[in-house]
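Visitor: The file below is protein36.cif, mmCIF, C-alpha atoms and all ligand atoms:
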data_final
loop_
_atom_site.label_atom_id
_atom_site.label_comp_id
_atom_site.auth_asym_id
_atom_site.auth_seq_id
_atom_site.Cartn_x
_atom_site.Cartn_y
_atom_site.Cartn_z
CA MET A 39 49.18 -57.46 -46.02
CA GLU A 40 46.68 -55.94 -48.47
CA PRO A 41 43.55 -57.92 -47.49
CA GLU A 42 44.32 -57.35 -43.81
CA ASN A 43 44.56 -53.64 -44.48
CA ASN A 44 41.28 -53.74 -46.34
CA THR A 45 39.60 -55.49 -43.44
CA LEU A 46 41.06 -52.93 -41.08
CA ASN A 47 39.84 -50.12 -43.26
CA PHE A 48 36.45 -51.67 -43.55
CA ASN A 49 36.19 -52.18 -39.78
CA THR A 50 37.32 -48.64 -39.07
CA LEU A 51 34.94 -47.26 -41.63
CA LYS A 52 32.11 -49.37 -40.27
CA ALA A 53 32.81 -48.12 -36.74
CA GLN A 54 32.93 -44.56 -37.96
CA TYR A 55 29.72 -45.06 -39.88
CA ASP A 56 28.01 -46.49 -36.78
CA GLN A 57 29.18 -43.57 -34.76
CA ILE A 58 28.00 -41.03 -37.33
CA SER A 59 24.74 -42.84 -37.66
CA ALA A 60 24.22 -42.81 -33.87
CA SER A 61 25.07 -39.12 -33.70
CA TYR A 62 22.75 -38.47 -36.61
CA ASN A 63 19.92 -40.29 -34.84
CA ALA A 64 20.62 -38.41 -31.62
CA LEU A 65 20.65 -35.18 -33.58
CA GLN A 66 17.38 -36.08 -35.26
CA ASN A 67 15.81 -36.74 -31.86
CA GLU A 68 17.11 -33.47 -30.50
CA LEU A 69 15.83 -31.65 -33.53
CA LYS A 70 12.45 -33.26 -33.04
CA GLU A 71 12.41 -32.09 -29.42
CA VAL A 72 13.49 -28.59 -30.38
CA LYS A 73 10.73 -28.51 -32.99
CA GLN A 74 8.18 -29.71 -30.43
CA GLU A 75 9.45 -27.13 -27.95
CA ALA A 76 9.20 -24.40 -30.60
CA GLN A 77 5.69 -25.59 -31.42
CA ARG A 78 4.73 -25.50 -27.74
CA PHE A 79 6.32 -22.05 -27.40
CA HIS A 80 4.48 -20.85 -30.48
CA GLU A 81 1.20 -22.21 -29.14
CA SER A 82 1.69 -20.62 -25.73
CA ASP A 83 2.74 -17.35 -27.38
CA GLU A 84 -0.43 -17.49 -29.47
CA ARG A 85 -2.50 -18.29 -26.40
CA PHE A 86 -0.93 -15.32 -24.54
CA LYS A 87 -1.59 -13.01 -27.52
CA THR A 88 -5.21 -14.15 -27.71
CA ILE A 89 -5.76 -13.64 -23.98
CA PHE A 90 -3.90 -10.30 -24.09
CA GLU A 91 -5.93 -8.99 -27.02
CA GLN A 92 -9.32 -10.43 -26.20
CA SER A 93 -9.35 -9.77 -22.47
CA SER A 94 -12.01 -7.32 -21.34
CA VAL A 95 -9.52 -6.13 -18.71
CA ALA A 96 -7.11 -3.49 -19.99
CA ASN A 97 -3.55 -4.85 -20.42
CA LYS A 98 -0.36 -3.17 -21.47
CA ILE A 99 3.29 -4.04 -21.96
CA ILE A 100 6.03 -1.46 -21.38
CA ASN A 101 9.79 -1.32 -21.81
CA ALA A 102 12.41 -0.25 -19.26
CA ASP A 103 11.90 3.40 -20.26
CA LEU A 104 8.26 2.87 -19.22
CA GLU A 105 7.12 3.47 -22.82
CA ILE A 106 4.00 1.60 -23.82
CA LEU A 107 4.82 -1.07 -26.42
CA GLU A 108 1.55 -2.94 -26.67
CA ILE A 109 -2.02 -2.49 -25.47
CA ASN A 110 -5.28 -4.26 -26.04
CA GLN A 111 -8.60 -2.81 -27.18
CA ALA A 112 -9.75 -2.50 -23.54
CA VAL A 113 -7.07 0.19 -22.93
CA VAL A 114 -8.35 2.15 -25.93
CA ASP A 115 -11.91 1.87 -24.55
CA LEU A 116 -10.74 2.80 -21.06
CA LEU A 117 -8.87 5.98 -22.01
CA GLY A 118 -10.78 7.04 -25.11
CA TYR A 119 -7.56 7.73 -27.06
CA ARG A 120 -6.66 5.98 -30.32
CA LYS A 121 -4.17 3.11 -30.14
CA GLU A 122 -1.52 5.14 -32.02
CA GLU A 123 -1.88 7.96 -29.47
CA ILE A 124 -1.23 5.60 -26.57
CA ILE A 125 1.62 3.49 -27.97
CA GLY A 126 4.95 5.17 -27.18
CA SER A 127 3.51 7.31 -24.37
CA ARG A 128 3.83 6.55 -20.65
CA ILE A 129 0.81 5.53 -18.62
CA ARG A 130 1.54 8.23 -16.02
CA ASP A 131 0.86 10.82 -18.77
CA PHE A 132 -2.79 9.89 -18.21
CA SER A 133 -2.67 10.02 -14.39
CA ARG A 134 -4.50 12.63 -12.33
CA ALA A 135 -1.73 14.91 -11.05
CA ASP A 136 -2.01 13.96 -7.37
CA PHE A 137 -1.24 10.27 -8.12
CA ASN A 138 1.76 10.87 -10.31
CA GLU A 139 4.51 10.98 -7.70
CA ARG A 140 3.35 7.92 -5.75
CA TRP A 141 2.96 5.94 -8.98
CA GLN A 142 6.44 6.91 -10.10
CA ARG A 143 7.84 5.71 -6.77
CA LEU A 144 6.09 2.36 -7.10
CA GLN A 145 7.41 1.95 -10.64
CA THR A 146 10.94 2.72 -9.47
CA GLU A 147 10.69 0.15 -6.66
CA LEU A 148 9.45 -2.46 -9.14
CA TRP A 149 12.10 -1.78 -11.79
CA GLU A 150 14.85 -1.74 -9.18
CA LYS A 151 13.47 -5.16 -8.15
CA ARG A 152 12.86 -4.05 -4.57
CA VAL A 153 9.32 -5.47 -4.82
CA PRO A 154 8.05 -8.30 -7.07
CA LYS A 155 4.82 -6.47 -8.01
CA PHE A 156 2.66 -3.52 -7.05
CA ASN A 157 -0.98 -2.83 -6.91
CA PHE A 158 -2.42 0.63 -6.64
CA GLU A 159 -5.73 2.51 -6.98
CA VAL A 160 -5.38 5.43 -9.31
CA CYS A 161 -7.46 8.03 -11.11
CA LEU A 162 -6.77 8.48 -14.84
CA ILE A 163 -7.95 11.30 -17.09
CA LYS A 164 -9.64 10.23 -20.33
CA LYS A 165 -9.35 12.05 -23.65
CA ASP A 166 -12.72 13.74 -23.01
CA LYS A 167 -11.25 15.00 -19.66
CA THR A 168 -13.52 12.79 -17.52
CA GLU A 169 -12.05 10.66 -14.74
CA VAL A 170 -11.71 6.89 -14.75
CA TRP A 171 -10.62 4.96 -11.65
CA CYS A 172 -8.52 1.80 -11.94
CA ILE A 173 -6.68 -0.75 -9.88
CA VAL A 174 -3.24 -0.98 -11.49
CA GLU A 175 -1.28 -4.20 -11.04
CA SER A 176 2.23 -4.42 -12.47
CA ILE A 177 4.89 -7.12 -12.69
CA LEU A 178 8.13 -7.55 -14.63
CA PHE A 179 8.82 -10.44 -16.99
CA LYS A 180 11.66 -11.61 -19.22
CA ASP A 181 11.12 -11.56 -22.95
CA ARG A 182 14.13 -13.10 -24.74
CA ASP A 183 17.01 -10.94 -23.52
CA GLN A 184 15.09 -7.95 -22.21
CA THR A 185 12.94 -7.20 -19.18
CA LEU A 186 9.49 -5.81 -19.83
CA GLY A 187 6.66 -4.66 -17.59
CA TYR A 188 3.16 -6.10 -17.75
CA THR A 189 0.23 -4.16 -16.29
CA LEU A 190 -3.44 -4.86 -15.75
CA LEU A 191 -5.79 -1.90 -15.36
CA GLN A 192 -9.08 -2.89 -13.83
CA ASN A 193 -11.84 -0.32 -14.16
CA ILE A 194 -13.40 0.39 -10.75
CA THR A 195 -15.11 3.68 -11.63
CA ASP A 196 -18.61 2.44 -10.68
CA ARG A 197 -17.44 1.37 -7.23
CA LYS A 198 -15.62 4.69 -6.79
CA ARG A 199 -18.71 6.67 -7.84
CA ASN A 200 -20.70 4.87 -5.16
CA GLU A 201 -18.03 5.63 -2.61
CA GLN A 202 -17.85 9.22 -3.76
CA SER A 203 -21.56 9.81 -3.24
CA LYS A 204 -21.21 8.31 0.25
CA ASP A 205 -18.20 10.57 0.77
CA GLU A 206 -20.15 13.64 -0.26
CA VAL A 207 -22.76 12.94 2.41
CA LEU A 208 -20.02 12.19 4.94
CA GLY A 209 -18.24 15.39 3.94
CA ILE A 210 -21.32 17.56 4.47
CA VAL A 211 -22.26 15.87 7.76
CA SER A 212 -18.78 16.02 9.21
CA HIS A 213 -18.31 19.60 8.10
CA GLU A 214 -21.51 20.59 9.84
CA LEU A 215 -20.47 18.70 12.98
CA LYS A 216 -17.08 20.37 13.14
CA THR A 217 -18.23 23.77 14.44
CA PRO A 218 -20.46 22.59 17.32
CA ILE A 219 -17.95 19.97 18.42
CA THR A 220 -15.13 22.53 18.49
CA SER A 221 -17.22 24.78 20.80
CA LEU A 222 -18.17 21.79 22.96
CA LYS A 223 -14.49 20.94 23.33
CA ALA A 224 -13.57 24.47 24.37
CA TYR A 225 -16.45 24.77 26.89
CA GLY A 226 -15.64 21.35 28.34
CA GLN A 227 -12.01 22.29 28.88
CA VAL A 228 -12.90 25.59 30.56
CA LEU A 229 -15.41 23.84 32.84
CA GLU A 230 -12.87 21.15 33.74
CA ARG A 231 -10.39 23.84 34.78
CA ILE A 232 -13.03 25.75 36.81
CA PHE A 233 -14.20 22.65 38.69
CA LYS A 234 -10.65 21.54 39.38
CA SER A 235 -9.68 25.00 40.70
CA GLU A 236 -12.77 24.94 42.93
CA SER A 237 -11.58 21.55 44.21
CA ASN A 238 -14.70 19.80 43.00
CA ALA A 239 -12.80 16.58 42.26
CA PHE A 240 -15.85 14.58 41.22
CA ALA A 241 -17.14 17.07 38.67
CA GLY A 242 -13.54 17.64 37.51
CA ALA A 243 -13.05 13.92 36.89
CA MET A 244 -16.40 13.61 35.07
CA LEU A 245 -15.54 16.55 32.84
CA ARG A 246 -12.14 15.09 32.14
CA LYS A 247 -13.78 11.87 30.94
CA MET A 248 -16.23 13.87 28.87
CA ASN A 249 -13.40 15.87 27.32
CA ILE A 250 -11.55 12.69 26.36
CA GLN A 251 -14.67 11.48 24.54
CA VAL A 252 -15.06 14.87 22.85
CA ILE A 253 -11.45 14.63 21.66
CA LYS A 254 -12.21 11.18 20.19
CA LEU A 255 -15.29 12.55 18.46
CA THR A 256 -13.30 15.48 17.08
CA ARG A 257 -10.70 13.09 15.71
CA LEU A 258 -13.40 10.97 14.08
CA ILE A 259 -14.93 14.00 12.40
CA HIS A 260 -11.53 15.07 11.12
CA ASP A 261 -10.93 11.54 9.78
CA LEU A 262 -14.18 11.67 7.87
CA LEU A 263 -13.32 15.09 6.47
CA ASP A 264 -9.87 13.87 5.44
CA ILE A 265 -11.34 10.94 3.56
CA THR A 266 -13.53 13.17 1.47
CA ARG A 267 -10.65 15.56 0.78
CA MET A 268 -8.23 12.78 -0.16
CA GLU A 269 -10.61 11.13 -2.58
CA GLY A 270 -11.52 14.44 -4.18
CA GLY A 271 -7.84 15.23 -4.74
CA LYS A 272 -8.19 18.30 -2.49
CA PHE A 273 -5.84 17.19 0.24
CA ALA A 274 -2.91 19.52 0.87
CA LEU A 275 0.15 18.96 3.02
CA ASN A 276 1.59 21.66 5.20
CA LEU A 277 5.33 21.06 4.94
CA VAL A 278 7.69 22.36 7.64
CA THR A 279 10.99 21.36 9.26
CA TYR A 280 10.34 19.96 12.73
CA SER A 281 11.81 17.65 15.34
CA PHE A 282 10.24 14.23 14.94
CA SER A 283 11.72 13.21 18.31
CA ASP A 284 9.92 16.07 20.10
CA LEU A 285 6.68 15.22 18.35
CA LEU A 286 7.00 11.56 19.33
CA ASN A 287 7.65 12.50 22.96
CA GLU A 288 4.64 14.82 23.04
CA VAL A 289 2.28 12.25 21.53
CA VAL A 290 3.48 9.45 23.82
CA ASN A 291 3.18 11.69 26.89
CA ASP A 292 -0.34 12.82 25.93
CA ILE A 293 -1.47 9.22 25.49
CA ARG A 294 0.23 8.15 28.72
CA ALA A 295 -1.83 10.79 30.51
CA THR A 296 -5.12 9.38 29.26
CA SER A 297 -4.51 5.63 29.32
CA ASN A 298 -3.45 2.96 31.79
CA TYR A 299 -1.07 1.37 29.30
CA HIS A 300 2.62 1.44 30.02
CA ILE A 301 4.21 2.90 26.89
CA ASN A 302 7.87 2.05 26.65
CA LEU A 303 9.57 4.60 24.39
CA GLN A 304 12.89 3.48 22.90
CA THR A 305 14.43 6.31 20.99
CA ILE A 306 17.67 7.72 19.64
CA GLU A 307 19.21 11.20 19.47
CA ASN A 308 17.16 14.01 17.95
CA VAL A 309 15.77 13.29 14.47
CA ASN A 310 14.55 16.18 12.31
CA CYS A 311 12.06 15.86 9.51
CA TYR A 312 10.70 17.93 6.67
CA GLY A 313 7.04 17.06 6.32
CA ASP A 314 3.54 17.65 7.65
CA LYS A 315 3.84 17.59 11.43
CA GLY A 316 0.09 17.55 12.11
CA ARG A 317 -0.50 14.62 9.73
CA THR A 318 2.39 12.66 11.17
CA GLU A 319 1.01 13.28 14.66
CA GLN A 320 -2.29 11.85 13.45
CA VAL A 321 -0.51 8.69 12.21
CA LEU A 322 1.25 8.21 15.55
CA ILE A 323 -2.01 8.66 17.44
CA ASN A 324 -3.82 6.20 15.14
CA LEU A 325 -1.16 3.52 15.53
CA ILE A 326 -0.82 3.87 19.31
CA ASN A 327 -4.60 3.97 19.74
CA ASN A 328 -4.94 0.82 17.64
CA ALA A 329 -2.23 -0.87 19.73
CA ILE A 330 -4.26 -0.07 22.86
CA LYS A 331 -7.62 -0.91 21.33
CA TYR A 332 -6.56 -4.30 19.92
CA SER A 333 -4.66 -5.52 22.98
CA PRO A 334 -7.32 -5.67 25.70
CA GLY A 335 -6.07 -7.29 28.88
CA GLU A 336 -2.44 -6.33 28.12
CA ASP A 337 -0.78 -3.24 29.55
CA LYS A 338 2.38 -2.75 27.55
CA ILE A 339 3.20 -1.05 24.26
CA VAL A 340 6.64 -0.43 22.85
CA VAL A 341 7.29 2.57 20.61
CA ARG A 342 10.68 2.61 18.86
CA LEU A 343 12.48 5.21 16.79
CA ASP A 344 15.46 4.41 14.64
CA ARG A 345 17.07 5.95 11.59
CA ASN A 346 19.45 5.25 8.72
CA GLU A 347 21.12 7.76 6.42
CA LYS A 348 17.98 8.80 4.61
CA GLU A 349 14.97 7.84 6.65
CA LEU A 350 13.61 7.41 10.11
CA ILE A 351 11.73 4.27 11.05
CA CYS A 352 9.15 4.43 13.78
CA SER A 353 7.46 1.27 15.12
CA VAL A 354 4.53 0.68 17.44
CA GLN A 355 4.40 -2.80 18.96
CA ASP A 356 1.61 -4.35 21.01
CA PHE A 357 1.20 -7.78 22.53
CA GLY A 358 -2.48 -8.22 21.82
CA MET A 359 -4.66 -10.27 19.49
CA GLY A 360 -2.48 -9.89 16.38
CA ILE A 361 -3.75 -10.12 12.81
CA PRO A 362 -4.10 -13.30 10.70
CA ALA A 363 -1.49 -13.33 7.89
CA GLN A 364 -4.08 -13.49 5.09
CA LYS A 365 -5.52 -10.13 6.22
CA HIS A 366 -2.24 -8.20 6.19
CA GLU A 367 -2.48 -7.03 2.60
CA ASN A 368 -5.96 -5.51 3.10
CA LEU A 369 -5.31 -3.66 6.35
CA PHE A 370 -4.58 -0.31 4.70
CA GLU A 371 -7.71 -0.32 2.54
CA ARG A 372 -10.50 2.00 3.53
CA TYR A 373 -13.35 0.64 5.66
CA PHE A 374 -11.41 -2.63 6.09
CA ARG A 375 -11.76 -4.31 9.48
CA VAL A 376 -10.73 -7.79 10.60
CA GLU A 377 -13.95 -9.49 11.56
CA ASN A 378 -13.62 -12.32 14.07
CA GLU A 379 -14.59 -13.16 17.63
CA ASN A 380 -11.72 -11.06 19.01
CA THR A 381 -12.79 -7.87 17.26
CA GLN A 382 -16.58 -8.19 17.33
CA ASN A 383 -16.99 -5.99 20.40
CA ILE A 384 -14.46 -3.38 19.37
CA ALA A 385 -15.92 -0.38 17.58
CA GLY A 386 -14.25 1.32 14.64
CA LEU A 387 -14.81 2.46 11.08
CA GLY A 388 -11.78 0.90 9.45
CA LEU A 389 -10.44 4.30 8.43
CA GLY A 390 -7.45 4.89 10.74
CA LEU A 391 -4.92 2.78 8.84
CA TYR A 392 -6.17 3.89 5.44
CA ILE A 393 -5.74 7.54 6.39
CA SER A 394 -2.38 6.83 8.04
CA ALA A 395 -1.09 5.08 4.91
CA GLU A 396 -2.22 7.99 2.71
CA MET A 397 -0.49 10.50 5.00
CA ILE A 398 2.73 8.52 4.99
CA HIS A 399 2.73 7.79 1.25
CA ARG A 400 2.08 11.45 0.44
CA GLN A 401 5.17 12.31 2.47
CA ASN A 402 7.23 9.77 0.47
CA GLY A 403 7.34 7.25 3.30
CA ARG A 404 6.39 3.59 3.63
CA ILE A 405 4.11 1.84 6.10
CA TRP A 406 3.92 -1.89 6.81
CA VAL A 407 2.95 -4.46 9.40
CA GLU A 408 4.39 -7.53 11.07
CA SER A 409 1.89 -9.53 13.03
CA GLU A 410 0.98 -13.02 14.09
CA GLU A 411 -2.42 -14.00 15.38
CA GLY A 412 -2.41 -14.24 19.17
CA LYS A 413 1.08 -12.77 19.50
CA GLY A 414 0.59 -9.07 18.85
CA SER A 415 1.38 -6.66 16.05
CA THR A 416 4.09 -4.20 15.09
CA PHE A 417 3.23 -1.37 12.70
CA HIS A 418 6.24 0.38 11.17
CA PHE A 419 6.45 3.51 9.09
CA SER A 420 9.34 5.35 7.52
CA LEU A 421 9.71 9.01 6.56
CA PRO A 422 12.53 10.85 4.85
CA CYS A 423 14.55 12.66 7.53
CA LEU A 424 17.21 15.34 7.65
N1 LIG B 501 -2.59 -3.23 16.55
C1 LIG B 501 -3.53 -4.00 16.00
N2 LIG B 501 -3.75 -5.27 16.42
C2 LIG B 501 -4.69 -6.05 15.85
N3 LIG B 501 -5.49 -5.65 14.85
C3 LIG B 501 -5.33 -4.41 14.37
C4 LIG B 501 -4.35 -3.52 14.91
N4 LIG B 501 -4.44 -2.37 14.24
C5 LIG B 501 -5.41 -2.53 13.33
N5 LIG B 501 -5.96 -3.76 13.40
C6 LIG B 501 -7.01 -4.33 12.55
O1 LIG B 501 -7.07 -3.55 11.37
C7 LIG B 501 -8.38 -3.00 11.18
C8 LIG B 501 -8.26 -1.63 10.55
O2 LIG B 501 -7.68 -0.71 11.48
P1 LIG B 501 -8.09 0.81 11.40
O3 LIG B 501 -7.33 1.56 12.42
O4 LIG B 501 -7.99 1.23 9.97
O5 LIG B 501 -9.65 0.82 11.72
P2 LIG B 501 -10.41 0.69 13.10
O6 LIG B 501 -9.49 0.72 14.24
O7 LIG B 501 -11.31 -0.47 12.96
O8 LIG B 501 -11.32 2.00 13.07
P3 LIG B 501 -10.86 3.53 13.14
O9 LIG B 501 -11.24 4.08 11.81
O10 LIG B 501 -11.64 4.10 14.23
O11 LIG B 501 -9.39 3.58 13.37
C9 LIG B 501 -9.01 -2.98 12.56
O12 LIG B 501 -10.41 -3.07 12.48
C10 LIG B 501 -8.40 -4.24 13.18
O13 LIG B 501 -9.14 -5.35 12.82
MG MG B 502 -8.05 2.38 14.28
#
Show me this structure written as structure tokens.
Guide:
Amino acid sequence: MEPENNTLNFNTLKAQYDQISASYNALQNELKEVKQEAQRFHESDERFKTIFEQSSVANKIINADLEILEINQAVVDLLGYRKEEIIGSRIRDFSRADFNERWQRLQTELWEKRVPKFNFEVCLIKKDKTEVWCIVESILFKDRDQTLGYTLLQNITDRKRNEQSKDEVLGIVSHELKTPITSLKAYGQVLERIFKSESNAFAGAMLRKMNIQVIKLTRLIHDLLDITRMEGGKFALNLVTYSFSDLLNEVVNDIRATSNYHINLQTIENVNCYGDKGRTEQVLINLINNAIKYSPGEDKIVVRLDRNEKELICSVQDFGMGIPAQKHENLFERYFRVENENTQNIAGLGLGLYISAEMIHRQNGRIWVESEEGKGSTFHFSLPCL
């Protein structure tokens, strides 16, 4: 029995040894892989740190309380504060006051994961109290078990200065044009009434056409004035409680009276708003005028009003040329126009949507587009409602 037992023991031991040895080898291999992975991680971490620190573009990392954890030298150069003064603060502490609220809203949307990133032009105040303009781009990322925010701040002050000197000229010119055009409008309207009451239909019709053009010119001048005010931070809202439904009806009826388009208005029961009625009217006019202007040969536009608990959503749909998808993200930038064979004979400055977006954002609303080339466009905006 003994030798047999020995053999058995030996065989069992051998099997166990083989097993342990195999596991050991497997473990060794795994360890090697983990080490390689760690090495790769270390290298990519180093690469990230080098790019982060050396980049000439300002970079920062923030935590969920929006406190700045890390910055590179470019942020120090951008703001003129020392690194220790910036770490631990929040970037909005450096924002010009009129950008603060909008920026906060974008940050909230990002951190609540309602958008994957945001991108925003903002004016910051440096330590020496001068202004610096930046495009801010922020995303979230996971770092071990926490979520952090990563932001790029691209200095666009030179471009803005150029724009501002153009704006100053525009501001002076449009201001000077405002008085004569207002008188022209008043005289034109009086004359139209006189000729109509004297049953001079031809002169009445000519004056009506002239007055429509004068109204367009007036609107253009106001757009140019708005631009200069917005950029200079001197743009004030006149907040009142008003019926958005009544406003929408008035605007649609006015446009119906001056255009051959059939405007189909699909609305709900009365919706009240607290906001700037005049500015919102301007947005509606811009969107409906665009719908008409960019759908030549069509004759239908649909305007819809809907609401949820907190906000109203108004949409303007046309069935015209539409907008190529790659242009959607630029539509609300100032002076941006889609340039192709469809639009080459249509005049415009590329300001209407920029101004509309500013008006809506300043009233805590959103504005966006759905459009497909050749199939038409729908512009939507939301506003907080009562
Ligand atoms: N409903 C639409 N359908 C197709 N393209 C549109 C529509 N609305 C706007 N666009 C495109 O977006 C661009 C920007 O529109 P925006 O209203 O800002 O400027 P504009 O109409 O060119 O000039 P204006 O400053 O006189 O309004 C337009 O030039 C046009 O290419
Ligand atoms: Mg327009």
Visitor: How far is it from CA of Leu325 (chain A) to CA of Ala395 (chain A), in Å with one decimal?
Guide: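 Separation between CA of Leu325 (chain A) and CA of Ala395 (chain A): 10.7 Å.
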Visitor: Extract, using only C-alpha atoms, all DNA, RNA and protein residues at most 8 Å from Gly187 (chain A), discarding same-chain residues fewer than 2 positions from it, and format them as a list in words.
Guide: Ile99, Ile100, Asn101, Ala102, Leu104, Ser176, Ile177, Leu178, Phe179, Thr185 and Thr189 of chain A
Visitor: Throw together the list of residues within 7 Å of ligand LIG 501 (chain B), counting all atoms listed in the file, and drop it here as number ranges by chain.
Guide: A: 324-325, 328-329, 332-333, 356, 358-361, 369-370, 372-377, 381, 385-392, 414-416
Visitor: Just give me the residues with any atom within 10 Å of (0.5, 22.9, 5.0), file coordinates, counting all atoms listed in the file, written as an MDAnalysis selection string.
Guide: chainID A and resid 273:278 313:317
Visitor: Rank nothing, just name the residue among A:Glu349, A:Asp284, A:Glu269, A:Asp261 nearest to ligand MG 502 (chain B), using all atoms listed in the file.
Guide: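 Using all atoms listed in the file, ligand MG 502 (chain B) sits closest to A:Asp261.
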Visitor: Under the rule that all atoms listed in the file are counted, which of A:Ile109, A:Ile339, A:Val211, A:Val321 is the nearest residue to ligand MG 502 (chain B)?
Guide: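 Ranking A:Ile109, A:Ile339, A:Val211, A:Val321 by distance to ligand MG 502 (chain B), first place goes to A:Val321.
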Visitor: CA of Cys161 (chain A) and CA of Leu186 (chain A) are how many Å apart?
Guide: 23.6 Å
Visitor: Identify which of the residues A:Arg404, A:Lys413, A:Lys272, A:His418 lies closest to Val354 (chain A), counting all atoms listed in the file when measuring atom-to-atom distances.
Guide: A:His418
Visitor: Can you measure CA of Leu162 (chain A) to CA of Ser133 (chain A) for me? One decimal in Å is fine.
Guide: 4.4 Å
Visitor: Taking into account all atoms listed in the file, which residue in the set A:Lys165, A:Ile210, A:Phe90, A:Glu371 is nearest to Arg120 (chain A)?
Guide: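 Using all atoms listed in the file, the shortest distance to Arg120 (chain A) belongs to A:Lys165.
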Visitor: Could you please give me, as a list of chain:residue names, the residues of protein, DNA or RNA lying at most 10 Å from (-6.4, -2.2, -23.3) in the coordinate frame of the file, considering only C-alpha atoms?
Guide: A:Phe90, A:Glu91, A:Gln92, A:Ser93, A:Ser94, A:Val95, A:Ala96, A:Asn97, A:Lys98, A:Ile99, A:Glu108, A:Ile109, A:Asn110, A:Gln111, A:Ala112, A:Val113, A:Val114, A:Asp115, A:Leu116, A:Leu117, A:Lys121, A:Ile124, A:Thr189, A:Leu190, A:Leu191, A:Gln192
Visitor: If we count only C-alpha atoms and set the cut-off at 8 Å, which residues sit around Thr266 (chain A), ignoring sequence neighbours fewer than 5 positions away in its own chain? Please answer as a list in words.
Guide: Gln202, Asp205, Glu206, Leu208 and Gly209 of chain A
Visitor: Which of these, A:Asp292, A:Asn378, A:Asp181, A:Glu201, has the shortest distance to Asp83 (chain A) once you count all atoms listed in the file?
Guide: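 Looking at the shortest contact to Asp83 (chain A), the residue is A:Asp181.
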Visitor: For region 187-201 of chain A, supply N, CA and C atoms and format the output as a PDB file, keeping the file's coordinate frame.
Guide:
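Written output follows (part_7.pdb):
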ATOM      1  N   GLY A 187       7.650  -4.779 -18.660  1.00  0.00           N
ATOM      2  CA  GLY A 187       6.660  -4.660 -17.590  1.00  0.00           C
ATOM      3  C   GLY A 187       5.287  -5.011 -18.138  1.00  0.00           C
ATOM      4  N   TYR A 188       4.513  -5.723 -17.334  1.00  0.00           N
ATOM      5  CA  TYR A 188       3.160  -6.100 -17.750  1.00  0.00           C
ATOM      6  C   TYR A 188       2.179  -5.513 -16.733  1.00  0.00           C
ATOM      7  N   THR A 189       1.157  -4.814 -17.210  1.00  0.00           N
ATOM      8  CA  THR A 189       0.230  -4.160 -16.290  1.00  0.00           C
ATOM      9  C   THR A 189      -1.225  -4.461 -16.647  1.00  0.00           C
ATOM     10  N   LEU A 190      -1.992  -4.705 -15.605  1.00  0.00           N
ATOM     11  CA  LEU A 190      -3.440  -4.860 -15.750  1.00  0.00           C
ATOM     12  C   LEU A 190      -4.084  -3.608 -15.183  1.00  0.00           C
ATOM     13  N   LEU A 191      -5.068  -3.072 -15.873  1.00  0.00           N
ATOM     14  CA  LEU A 191      -5.790  -1.900 -15.360  1.00  0.00           C
ATOM     15  C   LEU A 191      -7.267  -2.287 -15.250  1.00  0.00           C
ATOM     16  N   GLN A 192      -7.696  -2.450 -14.026  1.00  0.00           N
ATOM     17  CA  GLN A 192      -9.080  -2.890 -13.830  1.00  0.00           C
ATOM     18  C   GLN A 192      -9.960  -1.683 -13.524  1.00  0.00           C
ATOM     19  N   ASN A 193     -10.981  -1.492 -14.324  1.00  0.00           N
ATOM     20  CA  ASN A 193     -11.840  -0.320 -14.160  1.00  0.00           C
ATOM     21  C   ASN A 193     -12.742  -0.458 -12.924  1.00  0.00           C
ATOM     22  N   ILE A 194     -12.579   0.459 -11.966  1.00  0.00           N
ATOM     23  CA  ILE A 194     -13.400   0.390 -10.750  1.00  0.00           C
ATOM     24  C   ILE A 194     -14.201   1.698 -10.566  1.00  0.00           C
ATOM     25  N   THR A 195     -14.452   2.374 -11.720  1.00  0.00           N
ATOM     26  CA  THR A 195     -15.110   3.680 -11.630  1.00  0.00           C
ATOM     27  C   THR A 195     -16.491   3.602 -10.971  1.00  0.00           C
ATOM     28  N   ASP A 196     -17.258   2.537 -11.270  1.00  0.00           N
ATOM     29  CA  ASP A 196     -18.610   2.440 -10.680  1.00  0.00           C
ATOM     30  C   ASP A 196     -18.521   2.369  -9.172  1.00  0.00           C
ATOM     31  N   ARG A 197     -17.612   1.506  -8.686  1.00  0.00           N
ATOM     32  CA  ARG A 197     -17.440   1.370  -7.230  1.00  0.00           C
ATOM     33  C   ARG A 197     -17.032   2.710  -6.628  1.00  0.00           C
ATOM     34  N   LYS A 198     -16.116   3.405  -7.310  1.00  0.00           N
ATOM     35  CA  LYS A 198     -15.620   4.690  -6.790  1.00  0.00           C
ATOM     36  C   LYS A 198     -16.741   5.721  -6.759  1.00  0.00           C
ATOM     37  N   ARG A 199     -17.612   5.699  -7.810  1.00  0.00           N
ATOM     38  CA  ARG A 199     -18.710   6.670  -7.840  1.00  0.00           C
ATOM     39  C   ARG A 199     -19.608   6.480  -6.643  1.00  0.00           C
ATOM     40  N   ASN A 200     -19.890   5.178  -6.342  1.00  0.00           N
ATOM     41  CA  ASN A 200     -20.700   4.870  -5.160  1.00  0.00           C
ATOM     42  C   ASN A 200     -20.067   5.421  -3.913  1.00  0.00           C
ATOM     43  N   GLU A 201     -18.753   5.149  -3.795  1.00  0.00           N
ATOM     44  CA  GLU A 201     -18.030   5.630  -2.610  1.00  0.00           C
ATOM     45  C   GLU A 201     -18.046   7.144  -2.558  1.00  0.00           C
TER      46      GLU A 201
END
